[in-house]
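A.B. asks: Let me begin by handing over the structure; questions about it come next.
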Amino acid sequence: MRKIGLFGLVLAAALAFGCGAGATDQDNAGGGDGGSGAVSDSGDTKDTKGGDDKGEDKTAKVGDPARDGKFEFTVQRVKCGVHKVGTDLLGTTAQGQFCLVTVKVKNIAKEPQSFSDSYQKAYAADGTEYTSDSEAAIYANKDAATLFNEINPGNGITGVLVFDIPEKAKLAKLELHDSMFSGGVTVQLS
């Protein structure tokens, strides 16, 4: 009798967990206010723009505003071939070369959103993925604007993302994200 009671309790807990997980999945699939908003933002873009090319391919060039979720990104310039950032006393040296990407990030939503350099990615033409170098970004930014910053609605920041890539490598594109789980927007560099 005791074993059946324990088994029933475990089964009931498993069913309750399964029902709860299903409800959470429905909320996110429906584009509710929770989560990163990536599903609802891309859905809203296609619906409100009627299949506009910008909304469908989500690709921009340097100098063009590009949106992902709650942020509008504008890559202002890219400078590669930098071997050290900071000063002689406080700085860091690249394993290969640093690519410094100056980007403006504006919150276009109605609620605050956190920006982090660790959500951003860079790619070479052959598809090799590079992550940002947060330590180097400390020295490349006077106010650490791109490390982790809460941006209120309507406000924006401009900062430098730093990627440490091999000496002979060249960046072809960036993938910029408003959060860790967002779909991202592509900015072509070449």
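Residue numbering restarts at 1 in every chain; chains get A, B, ... in the order shown in the structure tokens, and ligands count up from 1 in that same order.
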Enumerate, as a ChimeraX atom specification, the complete set of residues in stretch 48-144 of chain A that a backbone-based DSSP assignment places in strand (DSSP E).

C.D. replies: /A:59-61,65-68,71-86,91-107,113-116,121-124,129-131

A.B. asks: Within 7 Å of stretch 130-139 of chain A, counting only C-alpha atoms, which residues qualify if same-chain residues fewer than 6 places away don't, as a list of chain:residue names?

C.D. replies: A:Val85, A:Gly86, A:Gly91, A:Thr92, A:Asp117, A:Ser118, A:Gln120, A:Lys121, A:Ala122, A:Tyr123, A:Leu147, A:Val160, A:Leu161, A:Val162, A:Phe163, A:Asp164

A.B. asks: Can you list, as a list of chain:residue names, every protein, DNA or RNA residue that comes within 7 Å of A:Tyr119 when you count only C-alpha atoms, leaving out same-chain residues fewer than 5 positions away?

C.D. replies: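 Here the qualifying residues turn out to be A:His177, A:Ser179, A:Met180.
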
A.B. asks: Just all heavy atoms for this one: save the residues we selected as a PDB file, in the first residue's frame.

C.D. replies:
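Contents of the output file result_19.pdb:
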ATOM      1  N   HIS A 177      22.199  40.741 -31.163  1.00  0.00           N
ATOM      2  CA  HIS A 177      21.048  40.206 -30.433  1.00  0.00           C
ATOM      3  C   HIS A 177      20.614  41.137 -29.312  1.00  0.00           C
ATOM      4  O   HIS A 177      21.456  41.700 -28.624  1.00  0.00           O
ATOM      5  CB  HIS A 177      21.403  38.853 -29.805  1.00  0.00           C
ATOM      6  CG  HIS A 177      21.743  37.801 -30.800  1.00  0.00           C
ATOM      7  ND1 HIS A 177      20.815  36.901 -31.265  1.00  0.00           N
ATOM      8  CD2 HIS A 177      22.905  37.495 -31.429  1.00  0.00           C
ATOM      9  CE1 HIS A 177      21.392  36.082 -32.128  1.00  0.00           C
ATOM     10  NE2 HIS A 177      22.666  36.427 -32.247  1.00  0.00           N
ATOM     11  N   SER A 179      18.947  39.858 -26.780  1.00  0.00           N
ATOM     12  CA  SER A 179      19.052  38.993 -25.604  1.00  0.00           C
ATOM     13  C   SER A 179      19.712  37.687 -26.017  1.00  0.00           C
ATOM     14  O   SER A 179      19.909  37.432 -27.202  1.00  0.00           O
ATOM     15  CB  SER A 179      17.669  38.711 -25.005  1.00  0.00           C
ATOM     16  OG  SER A 179      16.903  37.931 -25.894  1.00  0.00           O
ATOM     17  N   MET A 180      20.005  36.873 -25.053  1.00  0.00           N
ATOM     18  CA  MET A 180      20.697  35.617 -25.306  1.00  0.00           C
ATOM     19  C   MET A 180      19.922  34.700 -26.246  1.00  0.00           C
ATOM     20  O   MET A 180      20.501  33.990 -27.057  1.00  0.00           O
ATOM     21  CB  MET A 180      20.949  34.894 -23.980  1.00  0.00           C
ATOM     22  CG  MET A 180      21.750  33.610 -24.114  1.00  0.00           C
ATOM     23  SD  MET A 180      21.959  32.725 -22.548  1.00  0.00           S
ATOM     24  CE  MET A 180      22.635  33.985 -21.505  1.00  0.00           C
TER      25      MET A 180
END

A.B. asks: So which one's closest to A:Ser116, A:Asn141, A:Gln97, A:Thr128, A:Asn149? Using only C-alpha atoms, please.

C.D. replies: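 Counting only C-alpha atoms, the residue closest to A:Ser116 is A:Asn149.
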
A.B. asks: Could you name the residues that touch A:Val75 at 7 Å or less, counting only C-alpha atoms, but leaving out those on the same chain fewer than 4 positions away, as a ChimeraX atom specification?

C.D. replies: /A:62-63,102-104

A.B. asks: What does the distance from atom CA of A:Asp126 to atom CA of A:Gly159 come to in Å, to one decimal?

C.D. replies: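 It comes out at 27.0 Å.
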
A.B. asks: What separation in Å, quoted to one decimal, exists between atom CA of A:Thr93 and atom CA of A:Arg77?

C.D. replies: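 Rounded to one decimal, the two atoms are 21.1 Å apart.
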
A.B. asks: Please, what distance in Å, to one decimal, runs between atom CA of A:Asp64 and atom CA of A:Ala140?

C.D. replies: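 Computing the Euclidean distance for atom CA of A:Asp64 and atom CA of A:Ala140 yields 23.0 Å.
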
A.B. asks: List the neighbours of A:Ala109 out to 9 Å using only C-alpha atoms; skip same-chain residues closer than 6 positions along the sequence, and give me the result as a PDB file with C-alpha atoms, in the first residue's frame.

C.D. replies:
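Here's the written file out35.pdb:
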ATOM      1  CA  GLY A  69      13.615  42.525 -30.482  1.00  0.00           C
ATOM      2  CA  LYS A  70      13.720  45.642 -28.313  1.00  0.00           C
ATOM      3  CA  PHE A  71      16.902  47.099 -29.809  1.00  0.00           C
ATOM      4  CA  ASN A 152      15.610  52.455 -20.684  1.00  0.00           C
ATOM      5  CA  PRO A 153      12.985  52.997 -23.421  1.00  0.00           C
ATOM      6  CA  GLY A 154      14.006  55.660 -25.931  1.00  0.00           C
TER       7      GLY A 154
END

A.B. asks: List every residue of stretch 44-145 of chain A that DSSP, applied to the backbone of this structure, places in alpha helix (DSSP H), and write the result as a list of chain:residue names.

C.D. replies: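 The alpha helix (DSSP H) residues within stretch 44-145 of chain A come out as A:Asp44, A:Thr45, A:Lys46, A:Asp47, A:Thr48, A:Lys49, A:Asp53, A:Lys54, A:Gly55, A:Glu56, A:Asp57, A:Ser134, A:Glu135, A:Ala136, A:Ala137, A:Ile138, A:Tyr139, A:Ala140.
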
A.B. asks: With N, CA and C atoms kept, could you save the residues just selected as a PDB file, in the first residue's frame?

C.D. replies:
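For reference, result-v2.pdb as written:
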ATOM      1  N   ASP A  44       5.500  40.189 -35.573  1.00  0.00           N
ATOM      2  CA  ASP A  44       4.920  41.509 -35.718  1.00  0.00           C
ATOM      3  C   ASP A  44       5.532  42.242 -36.904  1.00  0.00           C
ATOM      4  N   THR A  45       6.822  42.086 -37.121  1.00  0.00           N
ATOM      5  CA  THR A  45       7.479  42.772 -38.220  1.00  0.00           C
ATOM      6  C   THR A  45       6.882  42.344 -39.544  1.00  0.00           C
ATOM      7  N   LYS A  46       6.686  41.049 -39.739  1.00  0.00           N
ATOM      8  CA  LYS A  46       6.133  40.553 -40.996  1.00  0.00           C
ATOM      9  C   LYS A  46       4.684  40.987 -41.162  1.00  0.00           C
ATOM     10  N   ASP A  47       3.921  40.978 -40.065  1.00  0.00           N
ATOM     11  CA  ASP A  47       2.516  41.339 -40.162  1.00  0.00           C
ATOM     12  C   ASP A  47       2.344  42.820 -40.440  1.00  0.00           C
ATOM     13  N   THR A  48       3.084  43.693 -39.726  1.00  0.00           N
ATOM     14  CA  THR A  48       2.881  45.120 -39.867  1.00  0.00           C
ATOM     15  C   THR A  48       3.510  45.677 -41.118  1.00  0.00           C
ATOM     16  N   LYS A  49       4.549  45.038 -41.644  1.00  0.00           N
ATOM     17  CA  LYS A  49       5.195  45.543 -42.848  1.00  0.00           C
ATOM     18  C   LYS A  49       4.721  44.795 -44.084  1.00  0.00           C
ATOM     19  N   ASP A  53      10.954  43.438 -47.288  1.00  0.00           N
ATOM     20  CA  ASP A  53      12.236  42.740 -47.420  1.00  0.00           C
ATOM     21  C   ASP A  53      13.090  42.856 -46.174  1.00  0.00           C
ATOM     22  N   LYS A  54      13.117  44.032 -45.540  1.00  0.00           N
ATOM     23  CA  LYS A  54      13.930  44.188 -44.325  1.00  0.00           C
ATOM     24  C   LYS A  54      13.446  43.254 -43.221  1.00  0.00           C
ATOM     25  N   GLY A  55      12.151  43.117 -43.074  1.00  0.00           N
ATOM     26  CA  GLY A  55      11.612  42.262 -42.025  1.00  0.00           C
ATOM     27  C   GLY A  55      11.877  40.789 -42.275  1.00  0.00           C
ATOM     28  N   GLU A  56      11.944  40.377 -43.543  1.00  0.00           N
ATOM     29  CA  GLU A  56      12.098  38.962 -43.832  1.00  0.00           C
ATOM     30  C   GLU A  56      13.546  38.504 -43.782  1.00  0.00           C
ATOM     31  N   ASP A  57      14.481  39.267 -44.409  1.00  0.00           N
ATOM     32  CA  ASP A  57      15.845  38.762 -44.434  1.00  0.00           C
ATOM     33  C   ASP A  57      16.673  39.238 -43.249  1.00  0.00           C
ATOM     34  N   SER A 134      35.162  40.289 -23.686  1.00  0.00           N
ATOM     35  CA  SER A 134      34.711  41.244 -22.670  1.00  0.00           C
ATOM     36  C   SER A 134      35.873  41.912 -21.949  1.00  0.00           C
ATOM     37  N   GLU A 135      36.959  41.190 -21.729  1.00  0.00           N
ATOM     38  CA  GLU A 135      38.108  41.798 -21.060  1.00  0.00           C
ATOM     39  C   GLU A 135      38.676  42.930 -21.912  1.00  0.00           C
ATOM     40  N   ALA A 136      38.861  42.684 -23.194  1.00  0.00           N
ATOM     41  CA  ALA A 136      39.378  43.722 -24.085  1.00  0.00           C
ATOM     42  C   ALA A 136      38.400  44.890 -24.186  1.00  0.00           C
ATOM     43  N   ALA A 137      37.099  44.609 -24.130  1.00  0.00           N
ATOM     44  CA  ALA A 137      36.093  45.667 -24.214  1.00  0.00           C
ATOM     45  C   ALA A 137      36.178  46.614 -23.021  1.00  0.00           C
ATOM     46  N   ILE A 138      36.628  46.117 -21.874  1.00  0.00           N
ATOM     47  CA  ILE A 138      36.815  46.988 -20.711  1.00  0.00           C
ATOM     48  C   ILE A 138      37.797  48.104 -21.059  1.00  0.00           C
ATOM     49  N   TYR A 139      38.872  47.752 -21.753  1.00  0.00           N
ATOM     50  CA  TYR A 139      39.907  48.718 -22.092  1.00  0.00           C
ATOM     51  C   TYR A 139      39.558  49.540 -23.329  1.00  0.00           C
ATOM     52  N   ALA A 140      38.734  49.021 -24.213  1.00  0.00           N
ATOM     53  CA  ALA A 140      38.364  49.728 -25.440  1.00  0.00           C
ATOM     54  C   ALA A 140      37.253  50.747 -25.214  1.00  0.00           C
TER      55      ALA A 140
END

A.B. asks: Which residues, written as a count of residues only, have at least one atom at most 8 Å from A:Lys173, with only C-alpha atoms counted and residues fewer than 4 positions away on the same chain left out?

C.D. replies: 9

A.B. asks: From the list A:Lys110, A:His83, A:Arg67, A:Lys170, which residue is nearest A:Val185 when using only C-alpha atoms?

C.D. replies: A:Arg67

A.B. asks: Which of these residues is nearest to A:Glu111, using only C-alpha atoms: A:Ala94, A:Ile151, A:Ile157, A:Cys80?

C.D. replies: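 Distance minimum relative to A:Glu111 lands on A:Ile151.
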
A.B. asks: May I ask which of the residues A:Ala66, A:Leu90, A:Ile108, A:Val82 is the closest one to A:Glu175, counting only C-alpha atoms?

C.D. replies: A:Ala66

A.B. asks: Give the answer as one residue: which of A:Val105, A:Leu176, A:Leu171, A:Cys99 has the shortest atom-to-atom distance to A:Gly156, using only C-alpha atoms?

C.D. replies: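 Smallest distance to A:Gly156 is found for A:Val105.
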